[in-house]
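Student: Below are the structure tokens for one structure; questions will follow.
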Amino acid sequence: MPRTRKHPEFDPTTGYAYPEHLRGYLDDLPQTPGVYIFHGLNDSLPLYIGKSINIRTRVMSHFRTLDEARMLRQTQRITYIETVGEIGALLLEAQLIKQQQPLFNQKLRRTRQMCSIRLEETTPEIVYSKDVDFARTPNLYGLFASRHSALAALKDLADEVQLCLGVLGLEKIAANRPCFRHMLKRCAGACCGAETIPAHQERLKQQLEQHRIECWPYPGAIGLIEQTDTRTDVHVVHNWLYLGTAATIEKAKQLSTTAAAFDSDGYKILCKPILTESLPVKEL
Ligand SMILES: [Zn+2]
């Protein structure tokens, strides 16, 4: 067909023409887990960093997404870094995006002040990562970028199950008088004795529980191990902070000496695999 001859890379099923200058890079992509990088003309600033359990399939899928055409037109070459498994790809992607701030990735802010909700005995309080060690302090719930968003989350949670904003300390109320929200039937009445304070506290705890920040469960750093027949990745993690990947336990021990404070990216990626022990862990 004449059209095919004119645009040899045109795929009529997707409407996208594969750019000829990237053909060689695409042919080289492996079908393994890892991170891939789209580079533009400026070599020091990548356009985009992504991860997949199958680098080749994932990169090809970018080319079938018309929304990404602008990014792909600027791409001059594609490189990749293989990892043994999915966790390694997630950790490396988060680390590289933070370090290199690619143009088309959603901007991840560097480690900064975070807030959480602490509930010990009675009223919840908002605490800051500069004052409280989030990796080691029990009874913290939720990670927030600001005091404002933590308070908003607490209010939403109260609205969901009719908790009293007065009892939570979020609103001033007169003693033993129903709050305004109770009159609107949006508070179950812990303010005026319609519900006991312990019952109210119990419901608050239940609501918060799903947002609990798990304490770092080891005395020090660990190696989280991903392995195939031919290769081992030991991911070094301490206080939920990813410190790097080594090929052996001995080399991992050298990485483990870096000081480590709580990291929210590491926490999100590692909480489940570490707590469920879905991968082997070696204390370093
Ligand atoms: Zn109330």
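Ligands are numbered from 1 in the order shown, chains are lettered A, B, ... in the order of the structure tokens, and residues start at 1 in each chain.
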Mind checking which residues fall within 10 Å of Ala260 (chain A), counting only C-alpha atoms, ignoring those fewer than 5 positions away in the same chain, and posting them as number ranges by chain?

Tutor: A: 135, 220-221, 237-243

Student: Among region 224-268 of chain A, which ones does DSSP assign to helix (DSSP H, G or I) (computed from the backbone)? Answer as a count of residues only.

Tutor: 12

Student: Identify, on the basis of only C-alpha atoms, every residue whose closest approach to region 43-48 of chain A does not exceed 12 Å; exclude the query and any residue fewer than 3 positions from it along the same chain; express the result as a ChimeraX atom specification.

Tutor: /A:35-40,51,59,62,68,70-80,93,96-107

Student: Kindly indicate which residue among A:Glu20, A:Asp133, A:Glu171, A:Asp67 lies nearest to ligand 1, using only C-alpha atoms and all ligand atoms for the distances.

Tutor: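 Closest to ligand 1, using only C-alpha atoms and all ligand atoms: A:Glu171.
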
Student: Could you build a table of the residues in chain A lying no more than 12 Å from ligand 1, giving for each the nearest pair of atoms and their separation in Å rounded to one decimal place, using only C-alpha atoms and all ligand atoms, ordered by chain and ascending residue number, as JSON lines?

Tutor:
{"residue": "A:Ala158", "atom": "CA", "partner": "ligand 1", "partner_atom_place_in_ligand_line": "1 (Zn)", "distance": 10.3}
{"residue": "A:Asp159", "atom": "CA", "partner": "ligand 1", "partner_atom_place_in_ligand_line": "1 (Zn)", "distance": 11.0}
{"residue": "A:Val161", "atom": "CA", "partner": "ligand 1", "partner_atom_place_in_ligand_line": "1 (Zn)", "distance": 11.9}
{"residue": "A:Gln162", "atom": "CA", "partner": "ligand 1", "partner_atom_place_in_ligand_line": "1 (Zn)", "distance": 8.3}
{"residue": "A:Leu163", "atom": "CA", "partner": "ligand 1", "partner_atom_place_in_ligand_line": "1 (Zn)", "distance": 7.0}
{"residue": "A:Cys164", "atom": "CA", "partner": "ligand 1", "partner_atom_place_in_ligand_line": "1 (Zn)", "distance": 3.9}
{"residue": "A:Leu165", "atom": "CA", "partner": "ligand 1", "partner_atom_place_in_ligand_line": "1 (Zn)", "distance": 6.1}
{"residue": "A:Gly166", "atom": "CA", "partner": "ligand 1", "partner_atom_place_in_ligand_line": "1 (Zn)", "distance": 5.7}
{"residue": "A:Val167", "atom": "CA", "partner": "ligand 1", "partner_atom_place_in_ligand_line": "1 (Zn)", "distance": 6.8}
{"residue": "A:Leu168", "atom": "CA", "partner": "ligand 1", "partner_atom_place_in_ligand_line": "1 (Zn)", "distance": 9.1}
{"residue": "A:Gly169", "atom": "CA", "partner": "ligand 1", "partner_atom_place_in_ligand_line": "1 (Zn)", "distance": 10.6}
{"residue": "A:Leu170", "atom": "CA", "partner": "ligand 1", "partner_atom_place_in_ligand_line": "1 (Zn)", "distance": 10.7}
{"residue": "A:Glu171", "atom": "CA", "partner": "ligand 1", "partner_atom_place_in_ligand_line": "1 (Zn)", "distance": 9.3}
{"residue": "A:Lys172", "atom": "CA", "partner": "ligand 1", "partner_atom_place_in_ligand_line": "1 (Zn)", "distance": 10.2}
{"residue": "A:Ile173", "atom": "CA", "partner": "ligand 1", "partner_atom_place_in_ligand_line": "1 (Zn)", "distance": 8.1}
{"residue": "A:Ala174", "atom": "CA", "partner": "ligand 1", "partner_atom_place_in_ligand_line": "1 (Zn)", "distance": 10.1}
{"residue": "A:Ala175", "atom": "CA", "partner": "ligand 1", "partner_atom_place_in_ligand_line": "1 (Zn)", "distance": 10.5}
{"residue": "A:Asn176", "atom": "CA", "partner": "ligand 1", "partner_atom_place_in_ligand_line": "1 (Zn)", "distance": 9.5}
{"residue": "A:Arg177", "atom": "CA", "partner": "ligand 1", "partner_atom_place_in_ligand_line": "1 (Zn)", "distance": 8.3}
{"residue": "A:Pro178", "atom": "CA", "partner": "ligand 1", "partner_atom_place_in_ligand_line": "1 (Zn)", "distance": 5.6}
{"residue": "A:Cys179", "atom": "CA", "partner": "ligand 1", "partner_atom_place_in_ligand_line": "1 (Zn)", "distance": 4.3}
{"residue": "A:Phe180", "atom": "CA", "partner": "ligand 1", "partner_atom_place_in_ligand_line": "1 (Zn)", "distance": 7.0}
{"residue": "A:Arg181", "atom": "CA", "partner": "ligand 1", "partner_atom_place_in_ligand_line": "1 (Zn)", "distance": 6.0}
{"residue": "A:His182", "atom": "CA", "partner": "ligand 1", "partner_atom_place_in_ligand_line": "1 (Zn)", "distance": 5.0}
{"residue": "A:Met183", "atom": "CA", "partner": "ligand 1", "partner_atom_place_in_ligand_line": "1 (Zn)", "distance": 8.4}
{"residue": "A:Leu184", "atom": "CA", "partner": "ligand 1", "partner_atom_place_in_ligand_line": "1 (Zn)", "distance": 9.9}
{"residue": "A:Lys185", "atom": "CA", "partner": "ligand 1", "partner_atom_place_in_ligand_line": "1 (Zn)", "distance": 9.1}
{"residue": "A:Arg186", "atom": "CA", "partner": "ligand 1", "partner_atom_place_in_ligand_line": "1 (Zn)", "distance": 8.0}
{"residue": "A:Cys187", "atom": "CA", "partner": "ligand 1", "partner_atom_place_in_ligand_line": "1 (Zn)", "distance": 4.8}
{"residue": "A:Ala188", "atom": "CA", "partner": "ligand 1", "partner_atom_place_in_ligand_line": "1 (Zn)", "distance": 6.6}
{"residue": "A:Gly189", "atom": "CA", "partner": "ligand 1", "partner_atom_place_in_ligand_line": "1 (Zn)", "distance": 4.8}
{"residue": "A:Ala190", "atom": "CA", "partner": "ligand 1", "partner_atom_place_in_ligand_line": "1 (Zn)", "distance": 5.6}
{"residue": "A:Cys191", "atom": "CA", "partner": "ligand 1", "partner_atom_place_in_ligand_line": "1 (Zn)", "distance": 4.4}
{"residue": "A:Cys192", "atom": "CA", "partner": "ligand 1", "partner_atom_place_in_ligand_line": "1 (Zn)", "distance": 6.9}
{"residue": "A:Gly193", "atom": "CA", "partner": "ligand 1", "partner_atom_place_in_ligand_line": "1 (Zn)", "distance": 9.3}
{"residue": "A:Ala194", "atom": "CA", "partner": "ligand 1", "partner_atom_place_in_ligand_line": "1 (Zn)", "distance": 9.2}
{"residue": "A:Glu195", "atom": "CA", "partner": "ligand 1", "partner_atom_place_in_ligand_line": "1 (Zn)", "distance": 9.5}
{"residue": "A:Thr196", "atom": "CA", "partner": "ligand 1", "partner_atom_place_in_ligand_line": "1 (Zn)", "distance": 11.4}
{"residue": "A:Ile197", "atom": "CA", "partner": "ligand 1", "partner_atom_place_in_ligand_line": "1 (Zn)", "distance": 10.9}
{"residue": "A:His200", "atom": "CA", "partner": "ligand 1", "partner_atom_place_in_ligand_line": "1 (Zn)", "distance": 10.3}

Student: Have a look at A:Ser146, A:Thr83, A:Thr248, A:Thr32 and name the one nearest to Arg112 (chain A); count only C-alpha atoms.

Tutor: A:Ser146

Student: Just the residues within 12 Å of Ser149 (chain A), please, counting only C-alpha atoms, with nothing from its chain fewer than 3 positions along; format it as a compact mmCIF listing (two decimals) with C-alpha atoms, in the first residue's frame.

Tutor:
# COMPACT_ATOMS: atom_id res chain seq x y z
CA MET A 114 6.08 15.99 57.14
CA CYS A 115 3.14 15.85 59.52
CA SER A 116 1.25 13.03 61.12
CA ILE A 117 -1.59 12.55 63.58
CA ILE A 126 -0.54 16.98 64.88
CA GLY A 142 -1.17 9.13 58.19
CA LEU A 143 1.54 11.10 56.37
CA PHE A 144 0.73 14.65 55.38
CA ALA A 145 2.56 17.49 53.67
CA SER A 146 1.20 20.11 56.06
CA ALA A 152 -8.53 18.27 56.96
CA ALA A 153 -8.05 14.48 56.96
CA LEU A 154 -9.06 14.30 60.63
CA LYS A 155 -12.22 16.28 59.89
CA ASP A 156 -13.11 14.04 56.95

Student: Report the distance between CA of Ala69 (chain A) and CA of Ser52 (chain A) in Å, rounded to one decimal place.

Tutor: 19.8 Å
